[in-house]
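S.K.: Dropping in query19.cif, which is mmCIF, C-alpha atoms:
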data_final
loop_
_atom_site.group_PDB
_atom_site.id
_atom_site.type_symbol
_atom_site.label_atom_id
_atom_site.label_comp_id
_atom_site.auth_asym_id
_atom_site.auth_seq_id
_atom_site.Cartn_x
_atom_site.Cartn_y
_atom_site.Cartn_z
ATOM 1 C CA MET A 1 104.282 14.056 -77.466
ATOM 2 C CA SER A 2 107.580 13.229 -75.873
ATOM 3 C CA ASP A 3 110.003 10.430 -75.957
ATOM 4 C CA ASP A 4 112.730 9.489 -73.589
ATOM 5 C CA GLU A 5 114.829 6.352 -73.425
ATOM 6 C CA GLY A 6 112.877 4.763 -76.276
ATOM 7 C CA THR A 7 109.489 5.320 -74.710
ATOM 8 C CA ILE A 8 106.925 7.481 -76.453
ATOM 9 C CA ILE A 9 104.351 9.282 -74.320
ATOM 10 C CA ARG A 10 101.275 10.050 -76.413
ATOM 11 C CA LYS A 11 97.524 10.654 -76.220
ATOM 12 C CA ALA A 12 95.652 7.380 -75.779
ATOM 13 C CA GLN A 13 93.594 6.072 -78.696
ATOM 14 C CA ARG A 14 90.525 3.865 -78.720
ATOM 15 C CA ALA A 15 92.680 0.862 -79.677
ATOM 16 C CA ASP A 16 94.656 1.308 -76.416
ATOM 17 C CA VAL A 17 91.636 0.895 -74.147
ATOM 18 C CA SER A 18 91.918 -2.841 -73.505
ATOM 19 C CA ALA A 19 95.636 -2.536 -72.685
ATOM 20 C CA ILE A 20 94.918 0.350 -70.306
ATOM 21 C CA VAL A 21 92.117 -1.582 -68.594
ATOM 22 C CA ALA A 22 94.451 -4.566 -68.238
ATOM 23 C CA MET A 23 96.890 -2.287 -66.376
ATOM 24 C CA LEU A 24 94.102 -0.932 -64.153
ATOM 25 C CA SER A 25 93.051 -4.485 -63.305
ATOM 26 C CA ASP A 26 96.589 -5.758 -62.694
ATOM 27 C CA ASP A 27 96.764 -3.957 -59.369
ATOM 28 C CA PHE A 28 95.941 -5.052 -55.821
ATOM 29 C CA LEU A 29 93.134 -2.480 -55.573
ATOM 30 C CA GLY A 30 92.046 -2.458 -59.215
ATOM 31 C CA ALA A 31 91.691 -6.241 -59.303
ATOM 32 C CA LYS A 32 88.664 -5.918 -57.016
ATOM 33 C CA ARG A 33 86.846 -3.170 -58.863
ATOM 34 C CA GLU A 34 87.374 -3.552 -62.602
ATOM 35 C CA TYR A 35 85.312 -5.460 -65.190
ATOM 36 C CA PRO A 36 86.630 -7.582 -68.097
ATOM 37 C CA ALA A 37 88.633 -5.402 -70.489
ATOM 38 C CA ASP A 38 86.104 -5.878 -73.299
ATOM 39 C CA ASP A 39 83.210 -4.525 -71.231
ATOM 40 C CA PRO A 40 81.536 -1.852 -73.423
ATOM 41 C CA ARG A 41 81.509 0.592 -70.513
ATOM 42 C CA TYR A 42 85.230 1.191 -71.012
ATOM 43 C CA LEU A 43 84.879 2.288 -74.642
ATOM 44 C CA GLU A 44 81.959 4.551 -73.705
ATOM 45 C CA ALA A 45 84.065 6.105 -70.947
ATOM 46 C CA PHE A 46 87.020 6.457 -73.336
ATOM 47 C CA ASP A 47 84.869 8.358 -75.836
ATOM 48 C CA ARG A 48 83.769 10.758 -73.125
ATOM 49 C CA ILE A 49 87.361 11.350 -72.008
ATOM 50 C CA ASP A 50 88.581 11.672 -75.601
ATOM 51 C CA THR A 51 86.074 14.389 -76.505
ATOM 52 C CA ASP A 52 86.446 16.330 -73.243
ATOM 53 C CA PRO A 53 88.949 19.181 -73.663
ATOM 54 C CA SER A 54 89.545 19.141 -69.890
ATOM 55 C CA GLU A 55 90.885 15.585 -69.964
ATOM 56 C CA LEU A 56 94.019 14.054 -71.398
ATOM 57 C CA LEU A 57 94.536 10.306 -71.147
ATOM 58 C CA VAL A 58 98.039 9.286 -72.136
ATOM 59 C CA VAL A 59 99.948 6.080 -72.607
ATOM 60 C CA ALA A 60 103.642 5.358 -72.550
ATOM 61 C CA GLU A 61 104.370 3.137 -75.533
ATOM 62 C CA SER A 62 107.359 0.843 -75.778
ATOM 63 C CA GLY A 63 107.919 -1.761 -78.486
ATOM 64 C CA GLY A 64 104.608 -0.708 -80.061
ATOM 65 C CA GLU A 65 102.567 -1.492 -76.934
ATOM 66 C CA PRO A 66 101.108 0.623 -74.129
ATOM 67 C CA VAL A 67 103.157 -0.108 -71.018
ATOM 68 C CA GLY A 68 102.110 2.793 -68.814
ATOM 69 C CA THR A 69 99.240 5.242 -68.465
ATOM 70 C CA LEU A 70 97.978 8.248 -66.576
ATOM 71 C CA GLN A 71 95.201 10.782 -66.915
ATOM 72 C CA LEU A 72 95.548 14.547 -66.580
ATOM 73 C CA SER A 73 92.549 16.761 -65.818
ATOM 74 C CA TRP A 74 92.567 20.549 -66.094
ATOM 75 C CA LEU A 75 90.769 22.212 -63.207
ATOM 76 C CA PRO A 76 90.252 25.951 -63.540
ATOM 77 C CA GLY A 77 89.208 27.585 -60.283
ATOM 78 C CA LEU A 78 88.919 30.897 -58.480
ATOM 79 C CA SER A 79 91.008 30.014 -55.431
ATOM 80 C CA ARG A 80 94.720 30.875 -55.166
ATOM 81 C CA GLY A 81 94.297 33.901 -57.418
ATOM 82 C CA GLY A 82 92.308 32.108 -60.107
ATOM 83 C CA ALA A 83 94.885 29.336 -60.397
ATOM 84 C CA LEU A 84 94.653 26.634 -63.032
ATOM 85 C CA ARG A 85 95.356 23.229 -61.500
ATOM 86 C CA ALA A 86 96.259 19.974 -63.140
ATOM 87 C CA GLN A 87 95.196 16.730 -61.517
ATOM 88 C CA ILE A 88 96.808 13.366 -62.100
ATOM 89 C CA GLU A 89 94.720 10.177 -61.817
ATOM 90 C CA GLY A 90 95.117 6.555 -62.746
ATOM 91 C CA VAL A 91 98.894 6.219 -62.902
ATOM 92 C CA ARG A 92 99.745 2.633 -63.836
ATOM 93 C CA VAL A 93 102.784 0.833 -65.202
ATOM 94 C CA ARG A 94 102.577 -2.664 -66.690
ATOM 95 C CA SER A 95 103.894 -5.157 -64.157
ATOM 96 C CA ASP A 96 106.747 -6.378 -66.374
ATOM 97 C CA GLN A 97 107.985 -2.779 -66.753
ATOM 98 C CA ARG A 98 108.150 -1.847 -63.090
ATOM 99 C CA GLY A 99 111.490 -0.866 -61.627
ATOM 100 C CA ASN A 100 112.742 0.890 -64.756
ATOM 101 C CA ARG A 101 111.601 4.409 -63.744
ATOM 102 C CA LEU A 102 108.779 4.448 -66.288
ATOM 103 C CA GLY A 103 106.356 5.710 -63.626
ATOM 104 C CA GLU A 104 108.748 8.506 -62.785
ATOM 105 C CA ARG A 105 109.112 9.479 -66.457
ATOM 106 C CA LEU A 106 105.333 9.479 -66.889
ATOM 107 C CA VAL A 107 104.711 11.685 -63.848
ATOM 108 C CA ARG A 108 107.576 14.046 -64.718
ATOM 109 C CA TRP A 109 106.159 14.322 -68.228
ATOM 110 C CA ALA A 110 102.727 15.192 -66.761
ATOM 111 C CA VAL A 111 104.216 17.826 -64.464
ATOM 112 C CA ASP A 112 106.166 19.419 -67.327
ATOM 113 C CA HIS A 113 103.084 19.379 -69.553
ATOM 114 C CA ALA A 114 100.980 20.959 -66.776
ATOM 115 C CA ARG A 115 103.556 23.740 -66.390
ATOM 116 C CA ASP A 116 103.650 24.314 -70.160
ATOM 117 C CA GLU A 117 99.856 24.663 -70.192
ATOM 118 C CA GLY A 118 99.913 27.304 -67.460
ATOM 119 C CA ALA A 119 98.968 25.259 -64.402
ATOM 120 C CA VAL A 120 100.414 26.554 -61.143
ATOM 121 C CA LEU A 121 99.711 23.435 -59.119
ATOM 122 C CA VAL A 122 99.626 19.704 -59.782
ATOM 123 C CA GLN A 123 97.545 17.637 -57.406
ATOM 124 C CA LEU A 124 96.752 13.992 -56.951
ATOM 125 C CA THR A 125 95.387 11.603 -54.398
ATOM 126 C CA SER A 126 96.733 8.189 -53.544
ATOM 127 C CA ASP A 127 94.956 5.426 -51.661
ATOM 128 C CA LEU A 128 96.062 5.180 -48.020
ATOM 129 C CA LYS A 129 97.116 1.591 -48.746
ATOM 130 C CA ARG A 130 99.625 2.607 -51.453
ATOM 131 C CA THR A 131 102.462 3.519 -49.101
ATOM 132 C CA ASP A 132 105.106 2.838 -51.770
ATOM 133 C CA ALA A 133 103.348 5.301 -54.064
ATOM 134 C CA HIS A 134 103.364 7.965 -51.340
ATOM 135 C CA ARG A 135 107.148 7.719 -51.066
ATOM 136 C CA PHE A 136 107.441 7.754 -54.866
ATOM 137 C CA TYR A 137 105.472 11.017 -55.155
ATOM 138 C CA GLU A 138 107.385 12.582 -52.260
ATOM 139 C CA ARG A 139 110.628 11.850 -54.095
ATOM 140 C CA LEU A 140 109.199 13.736 -57.082
ATOM 141 C CA GLY A 141 108.463 16.785 -54.922
ATOM 142 C CA PHE A 142 104.821 16.270 -54.014
ATOM 143 C CA GLU A 143 103.853 17.206 -50.476
ATOM 144 C CA HIS A 144 101.242 15.452 -48.377
ATOM 145 C CA THR A 145 99.090 18.472 -47.524
ATOM 146 C CA HIS A 146 95.521 17.117 -47.686
ATOM 147 C CA ILE A 147 93.323 14.190 -46.848
ATOM 148 C CA GLY A 148 91.386 12.635 -49.711
ATOM 149 C CA MET A 149 87.791 11.594 -49.064
ATOM 150 C CA LYS A 150 85.312 9.651 -51.180
ATOM 151 C CA LEU A 151 81.600 8.998 -51.069
ATOM 152 C CA ALA A 152 80.254 6.128 -53.187
ATOM 153 C CA LEU A 153 76.847 6.882 -54.731
ATOM 154 C CA SER A 154 74.333 4.089 -55.013
ATOM 155 C CA MET B 1 68.563 25.067 -59.181
ATOM 156 C CA SER B 2 67.308 24.159 -55.766
ATOM 157 C CA ASP B 3 66.070 25.961 -52.786
ATOM 158 C CA ASP B 4 65.707 24.898 -49.228
ATOM 159 C CA GLU B 5 64.956 26.949 -46.122
ATOM 160 C CA GLY B 6 64.937 30.192 -48.123
ATOM 161 C CA THR B 7 68.337 29.597 -49.698
ATOM 162 C CA ILE B 8 68.663 29.288 -53.460
ATOM 163 C CA ILE B 9 71.538 27.254 -54.852
ATOM 164 C CA ARG B 10 72.321 28.411 -58.399
ATOM 165 C CA LYS B 11 75.092 28.606 -60.988
ATOM 166 C CA ALA B 12 77.444 31.474 -60.195
ATOM 167 C CA GLN B 13 77.413 34.525 -62.438
ATOM 168 C CA ARG B 14 80.140 37.019 -63.240
ATOM 169 C CA ALA B 15 78.585 39.517 -60.803
ATOM 170 C CA ASP B 16 79.110 37.007 -57.966
ATOM 171 C CA VAL B 17 82.874 36.798 -58.386
ATOM 172 C CA SER B 18 83.863 39.473 -55.879
ATOM 173 C CA ALA B 19 81.575 37.974 -53.209
ATOM 174 C CA ILE B 20 83.011 34.498 -53.863
ATOM 175 C CA VAL B 21 86.579 35.792 -53.664
ATOM 176 C CA ALA B 22 85.719 37.557 -50.393
ATOM 177 C CA MET B 23 84.614 34.171 -49.011
ATOM 178 C CA LEU B 24 87.802 32.488 -50.262
ATOM 179 C CA SER B 25 89.889 35.185 -48.569
ATOM 180 C CA ASP B 26 87.936 35.130 -45.282
ATOM 181 C CA ASP B 27 89.546 31.871 -44.249
ATOM 182 C CA PHE B 28 92.638 31.071 -42.207
ATOM 183 C CA LEU B 29 94.329 29.442 -45.217
ATOM 184 C CA GLY B 30 92.809 31.591 -47.968
ATOM 185 C CA ALA B 31 93.853 34.824 -46.233
ATOM 186 C CA LYS B 32 97.483 33.999 -47.059
ATOM 187 C CA ARG B 33 97.046 33.100 -50.707
ATOM 188 C CA GLU B 34 94.361 35.275 -52.275
ATOM 189 C CA TYR B 35 94.637 38.650 -54.028
ATOM 190 C CA PRO B 36 92.282 41.654 -53.708
ATOM 191 C CA ALA B 37 88.790 40.683 -54.916
ATOM 192 C CA ASP B 38 88.982 43.117 -57.854
ATOM 193 C CA ASP B 39 92.142 41.539 -59.261
ATOM 194 C CA PRO B 40 91.406 40.878 -62.954
ATOM 195 C CA ARG B 41 92.758 37.320 -62.658
ATOM 196 C CA TYR B 42 89.561 36.293 -60.885
ATOM 197 C CA LEU B 43 87.275 37.381 -63.717
ATOM 198 C CA GLU B 44 89.532 35.663 -66.240
ATOM 199 C CA ALA B 45 89.395 32.485 -64.188
ATOM 200 C CA PHE B 46 85.617 32.804 -63.835
ATOM 201 C CA ASP B 47 85.209 33.044 -67.608
ATOM 202 C CA ARG B 48 87.237 29.882 -68.059
ATOM 203 C CA ILE B 49 85.154 28.015 -65.465
ATOM 204 C CA ASP B 50 81.901 29.382 -66.875
ATOM 205 C CA THR B 51 82.598 28.186 -70.412
ATOM 206 C CA ASP B 52 83.966 24.784 -69.365
ATOM 207 C CA PRO B 53 81.238 22.120 -69.533
ATOM 208 C CA SER B 54 83.211 20.026 -67.009
ATOM 209 C CA GLU B 55 82.926 22.701 -64.321
ATOM 210 C CA LEU B 56 80.021 24.030 -62.304
ATOM 211 C CA LEU B 57 80.613 26.867 -59.859
ATOM 212 C CA VAL B 58 77.594 27.467 -57.644
ATOM 213 C CA VAL B 59 76.582 29.936 -54.999
ATOM 214 C CA ALA B 60 74.033 29.691 -52.225
ATOM 215 C CA GLU B 61 72.071 32.922 -52.254
ATOM 216 C CA SER B 62 70.219 34.303 -49.270
ATOM 217 C CA GLY B 63 68.652 37.759 -49.059
ATOM 218 C CA GLY B 64 69.838 38.437 -52.608
ATOM 219 C CA GLU B 65 73.520 37.865 -51.742
ATOM 220 C CA PRO B 66 75.931 34.961 -52.220
ATOM 221 C CA VAL B 67 76.542 33.466 -48.782
ATOM 222 C CA GLY B 68 78.107 30.151 -49.751
ATOM 223 C CA THR B 69 79.914 28.593 -52.673
ATOM 224 C CA LEU B 70 81.402 25.401 -54.014
ATOM 225 C CA GLN B 71 82.704 24.094 -57.301
ATOM 226 C CA LEU B 72 81.849 20.744 -58.881
ATOM 227 C CA SER B 73 84.082 19.186 -61.544
ATOM 228 C CA TRP B 74 83.082 16.209 -63.685
ATOM 229 C CA LEU B 75 85.886 13.712 -64.096
ATOM 230 C CA PRO B 76 85.252 10.933 -66.596
ATOM 231 C CA GLY B 77 87.730 8.089 -66.305
ATOM 232 C CA LEU B 78 88.390 4.475 -67.224
ATOM 233 C CA SER B 79 88.975 3.159 -63.718
ATOM 234 C CA ARG B 80 86.229 1.512 -61.654
ATOM 235 C CA GLY B 81 84.456 0.301 -64.772
ATOM 236 C CA GLY B 82 84.569 3.629 -66.622
ATOM 237 C CA ALA B 83 83.097 5.495 -63.671
ATOM 238 C CA LEU B 84 82.165 9.158 -63.870
ATOM 239 C CA ARG B 85 83.358 10.984 -60.759
ATOM 240 C CA ALA B 86 82.342 14.329 -59.383
ATOM 241 C CA GLN B 87 84.868 16.354 -57.433
ATOM 242 C CA ILE B 88 84.034 19.081 -54.951
ATOM 243 C CA GLU B 89 86.441 21.991 -54.436
ATOM 244 C CA GLY B 90 86.344 25.380 -52.785
ATOM 245 C CA VAL B 91 83.509 24.916 -50.279
ATOM 246 C CA ARG B 92 83.057 28.170 -48.374
ATOM 247 C CA VAL B 93 80.312 29.703 -46.253
ATOM 248 C CA ARG B 94 80.274 33.411 -45.381
ATOM 249 C CA SER B 95 81.459 33.819 -41.800
ATOM 250 C CA ASP B 96 78.189 35.378 -40.568
ATOM 251 C CA GLN B 97 76.273 32.367 -41.897
ATOM 252 C CA ARG B 98 78.279 29.622 -40.234
ATOM 253 C CA GLY B 99 76.528 27.331 -37.787
ATOM 254 C CA ASN B 100 73.236 27.265 -39.682
ATOM 255 C CA ARG B 101 73.949 24.108 -41.699
ATOM 256 C CA LEU B 102 74.391 26.023 -44.948
ATOM 257 C CA GLY B 103 77.623 24.116 -45.671
ATOM 258 C CA GLU B 104 75.786 20.853 -45.170
ATOM 259 C CA ARG B 105 72.961 21.916 -47.495
ATOM 260 C CA LEU B 106 75.488 22.956 -50.151
ATOM 261 C CA VAL B 107 77.398 19.677 -50.015
ATOM 262 C CA ARG B 108 74.217 17.577 -49.918
ATOM 263 C CA TRP B 109 72.973 19.498 -52.953
ATOM 264 C CA ALA B 110 76.251 18.768 -54.759
ATOM 265 C CA VAL B 111 76.072 15.055 -53.927
ATOM 266 C CA ASP B 112 72.460 14.852 -55.135
ATOM 267 C CA HIS B 113 73.328 16.725 -58.317
ATOM 268 C CA ALA B 114 76.311 14.421 -58.936
ATOM 269 C CA ARG B 115 74.061 11.376 -58.557
ATOM 270 C CA ASP B 116 71.464 12.889 -60.915
ATOM 271 C CA GLU B 117 74.177 13.428 -63.528
ATOM 272 C CA GLY B 118 75.300 9.808 -63.352
ATOM 273 C CA ALA B 119 78.390 10.076 -61.159
ATOM 274 C CA VAL B 120 79.121 6.964 -59.100
ATOM 275 C CA LEU B 121 81.606 8.612 -56.760
ATOM 276 C CA VAL B 122 82.050 12.043 -55.212
ATOM 277 C CA GLN B 123 85.552 12.930 -54.119
ATOM 278 C CA LEU B 124 87.212 15.866 -52.422
ATOM 279 C CA THR B 125 90.367 16.761 -50.597
ATOM 280 C CA SER B 126 90.631 18.824 -47.461
ATOM 281 C CA ASP B 127 93.741 20.488 -46.067
ATOM 282 C CA LEU B 128 95.307 18.528 -43.194
ATOM 283 C CA LYS B 129 94.840 21.635 -41.023
ATOM 284 C CA ARG B 130 91.028 21.679 -41.493
ATOM 285 C CA THR B 131 90.232 19.080 -38.845
ATOM 286 C CA ASP B 132 86.717 20.471 -38.310
ATOM 287 C CA ALA B 133 86.024 20.040 -42.016
ATOM 288 C CA HIS B 134 87.181 16.412 -41.881
ATOM 289 C CA ARG B 135 84.603 15.651 -39.181
ATOM 290 C CA PHE B 136 81.966 17.564 -41.149
ATOM 291 C CA TYR B 137 82.530 15.467 -44.289
ATOM 292 C CA GLU B 138 82.626 12.246 -42.278
ATOM 293 C CA ARG B 139 79.221 13.126 -40.844
ATOM 294 C CA LEU B 140 77.966 13.455 -44.437
ATOM 295 C CA GLY B 141 79.222 9.958 -45.278
ATOM 296 C CA PHE B 142 82.610 10.694 -46.851
ATOM 297 C CA GLU B 143 85.376 8.264 -45.969
ATOM 298 C CA HIS B 144 89.033 9.151 -45.542
ATOM 299 C CA THR B 145 90.514 6.693 -48.015
ATOM 300 C CA HIS B 146 93.342 8.666 -49.662
ATOM 301 C CA ILE B 147 96.143 11.092 -49.041
ATOM 302 C CA GLY B 148 96.081 14.320 -51.039
ATOM 303 C CA MET B 149 99.373 15.598 -52.431
ATOM 304 C CA LYS B 150 100.294 18.829 -54.174
ATOM 305 C CA LEU B 151 103.251 20.110 -56.123
ATOM 306 C CA ALA B 152 103.525 23.869 -56.670
ATOM 307 C CA LEU B 153 104.921 24.785 -60.095
ATOM 308 C CA SER B 154 107.214 27.751 -60.372
#
Starting from the file, lay out its structure as structure tokens.

M.R.:
Amino acid sequence: MSDDEGTIIRKAQRADVSAIVAMLSDDFLGAKREYPADDPRYLEAFDRIDTDPSELLVVAESGGEPVGTLQLSWLPGLSRGGALRAQIEGVRVRSDQRGNRLGERLVRWAVDHARDEGAVLVQLTSDLKRTDAHRFYERLGFEHTHIGMKLALS
Amino acid sequence: MSDDEGTIIRKAQRADVSAIVAMLSDDFLGAKREYPADDPRYLEAFDRIDTDPSELLVVAESGGEPVGTLQLSWLPGLSRGGALRAQIEGVRVRSDQRGNRLGERLVRWAVDHARDEGAVLVQLTSDLKRTDAHRFYERLGFEHTHIGMKLALS
């Protein structure tokens, strides 16, 4: 959908799932909560995302391989004058690609795409432990306006 | 879909939009960012929500009138083993109904519904200024694990 400095940002395909899961797992929080990349739950979840018009899972591809990923969700709502929001989740960059602004290019791409699709707000949450990520998003213009809360269902 | 203590919780209909917008506006933050309830943008936004299978806008009805509202969004994803998440947005209770646990019943209904639909996590964000709401969600079992960030698009 976009390329910049040799990196292509495109919709994820089924064949990308194991590389994406590897990126989710190669993370100090993800390491504790992901399954092996070939667990069938990931392909089932991919199929649900892929057929849901409110979801867009993308990868950044470099040298023919996925090296970054994020997911965009469209959230129509009544508040703020019936504003369409875009939400970013699951931003990950492969460890050997960190430090080359790939994360920044991915997030900027998502923000531009959200604007093009008519969203008036982009929102995300970031784990309290990811203090580096908080500074990263602040540099990109995001403001810390909310607390993010979760309830695990058993 | 559920009733409890004389209150029915049901999917919102087009005829509920002005009452929902009145609740969004009758709020110390909403007062600054909403339009008049008859602004056509709200009906357009309602139609988008209503036809989106990933969104469920509900009202709590009492005495034949909407007196509370919230929106549930289904967010399929790869992370956490391909977990389906439910997200709660736009929780409001009409001002003359506050203090009677209607907000609690609405949120508990949403959590139960999320569990029934296979979600493994319910998430929400709450404005930093809504300190009462933070305590309310903590009482219901939500944990403050994330920061919530927003970027307004111009």

S.K.: Any idea what the distance is between CA of Glu117 (chain A) and CA of Leu151 (chain B)?

M.R.: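 Taking CA of Glu117 (chain A) as the start and CA of Leu151 (chain B) as the end point, the length is 15.2 Å.
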
S.K.: For chain B against chain A, which residues fall within 6 Å using all atoms listed in the file, given as an MDAnalysis selection string?

M.R.: chainID B and resid 33:35 41:42 45 49 76 78 80:82 120:128 142:153

S.K.: Can you work out the spacing between CA of Leu106 (chain A) and CA of Glu65 (chain A) in Å, to one decimal?

M.R.: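 Distance reported for this atom pair: 15.1 Å.
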
S.K.: Which of these, A:Ala15, A:Ala22, A:Ala133, A:Val67, has the shortest distance to Val93 (chain A) once you count all atoms listed in the file?

M.R.: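 Answer, going by the shortest atom-to-atom distance: A:Val67.
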
S.K.: Put the listed atoms of region 70-87 of chain B in a box along x, y and z with 3 Å added on every side and give me the centre and edge lengths in Å to one decimal, as lines of an AutoDock Vina configuration file.

M.R.:
center_x = 85.2
center_y = 12.9
center_z = -60.6
size_x = 13.6
size_y = 31.1
size_z = 19.2

S.K.: Using only C-alpha atoms, which of the listed residues (A:Val91, A:Leu29, A:Val107, A:Leu102) sits closest to Ser62 (chain A)?

M.R.: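 Between A:Val91, A:Leu29, A:Val107, A:Leu102, the residue approaching Ser62 (chain A) most closely is A:Leu102.
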
S.K.: Record the distance separating CA of Arg10 (chain A) and CA of Ala110 (chain A), expressed in Å with one decimal.

M.R.: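 Taking CA of Arg10 (chain A) and CA of Ala110 (chain A), their separation equals 11.0 Å.
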
S.K.: For Val59 (chain B), please output as a list in words all residues within 7 Å (counting all atoms listed in the file; exclusion window: fewer than 6 positions along the same chain).

M.R.: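 Listing them by chain and then by number gives Ile9, Arg10, Lys11, Ala12, Pro66, Gly68, Thr69 and Leu70 of chain B.
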
S.K.: For region 90-104 of chain B, which lacks atoms in the input, supply N, CA, C and O atoms and format the output as a tab-separated table (two decimals), in the frame of the given file.

M.R.:
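File produced: part.tsv:
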chain	number	residue	atom	x	y	z
B	90	GLY	N	86.65	23.99	-53.13
B	90	GLY	CA	86.34	25.38	-52.78
B	90	GLY	C	85.02	25.58	-52.07
B	90	GLY	O	84.25	26.47	-52.43
B	91	VAL	N	84.75	24.76	-51.06
B	91	VAL	CA	83.51	24.92	-50.28
B	91	VAL	C	83.73	26.04	-49.26
B	91	VAL	O	84.64	25.96	-48.44
B	92	ARG	N	82.94	27.07	-49.33
B	92	ARG	CA	83.06	28.17	-48.37
B	92	ARG	C	81.66	28.69	-48.00
B	92	ARG	O	80.76	28.74	-48.85
B	93	VAL	N	81.54	29.09	-46.75
B	93	VAL	CA	80.31	29.70	-46.25
B	93	VAL	C	80.71	31.04	-45.63
B	93	VAL	O	81.72	31.11	-44.91
B	94	ARG	N	79.93	32.09	-45.93
B	94	ARG	CA	80.27	33.41	-45.38
B	94	ARG	C	80.28	33.33	-43.86
B	94	ARG	O	79.41	32.69	-43.26
B	95	SER	N	81.23	34.03	-43.24
B	95	SER	CA	81.46	33.82	-41.80
B	95	SER	C	80.21	34.10	-40.97
B	95	SER	O	79.97	33.41	-39.98
B	96	ASP	N	79.38	35.08	-41.37
B	96	ASP	CA	78.19	35.38	-40.57
B	96	ASP	C	77.07	34.36	-40.76
B	96	ASP	O	76.02	34.47	-40.12
B	97	GLN	N	77.30	33.38	-41.63
B	97	GLN	CA	76.27	32.37	-41.90
B	97	GLN	C	76.67	30.99	-41.35
B	97	GLN	O	75.96	30.01	-41.58
B	98	ARG	N	77.83	30.94	-40.70
B	98	ARG	CA	78.28	29.62	-40.23
B	98	ARG	C	77.44	29.16	-39.04
B	98	ARG	O	76.90	29.96	-38.30
B	99	GLY	N	77.30	27.87	-38.90
B	99	GLY	CA	76.53	27.33	-37.79
B	99	GLY	C	75.06	27.11	-38.12
B	99	GLY	O	74.32	26.60	-37.29
B	100	ASN	N	74.65	27.48	-39.34
B	100	ASN	CA	73.24	27.26	-39.68
B	100	ASN	C	73.05	26.16	-40.73
B	100	ASN	O	72.05	26.14	-41.43
B	101	ARG	N	74.03	25.28	-40.82
B	101	ARG	CA	73.95	24.11	-41.70
B	101	ARG	C	73.94	24.46	-43.19
B	101	ARG	O	73.55	23.63	-44.02
B	102	LEU	N	74.35	25.66	-43.54
B	102	LEU	CA	74.39	26.02	-44.95
B	102	LEU	C	75.43	25.18	-45.69
B	102	LEU	O	75.20	24.72	-46.82
B	103	GLY	N	76.59	24.96	-45.05
B	103	GLY	CA	77.62	24.12	-45.67
B	103	GLY	C	77.09	22.72	-45.95
B	103	GLY	O	77.31	22.15	-47.02
B	104	GLU	N	76.36	22.19	-44.99
B	104	GLU	CA	75.79	20.85	-45.17
B	104	GLU	C	74.79	20.84	-46.33
B	104	GLU	O	74.80	19.92	-47.16
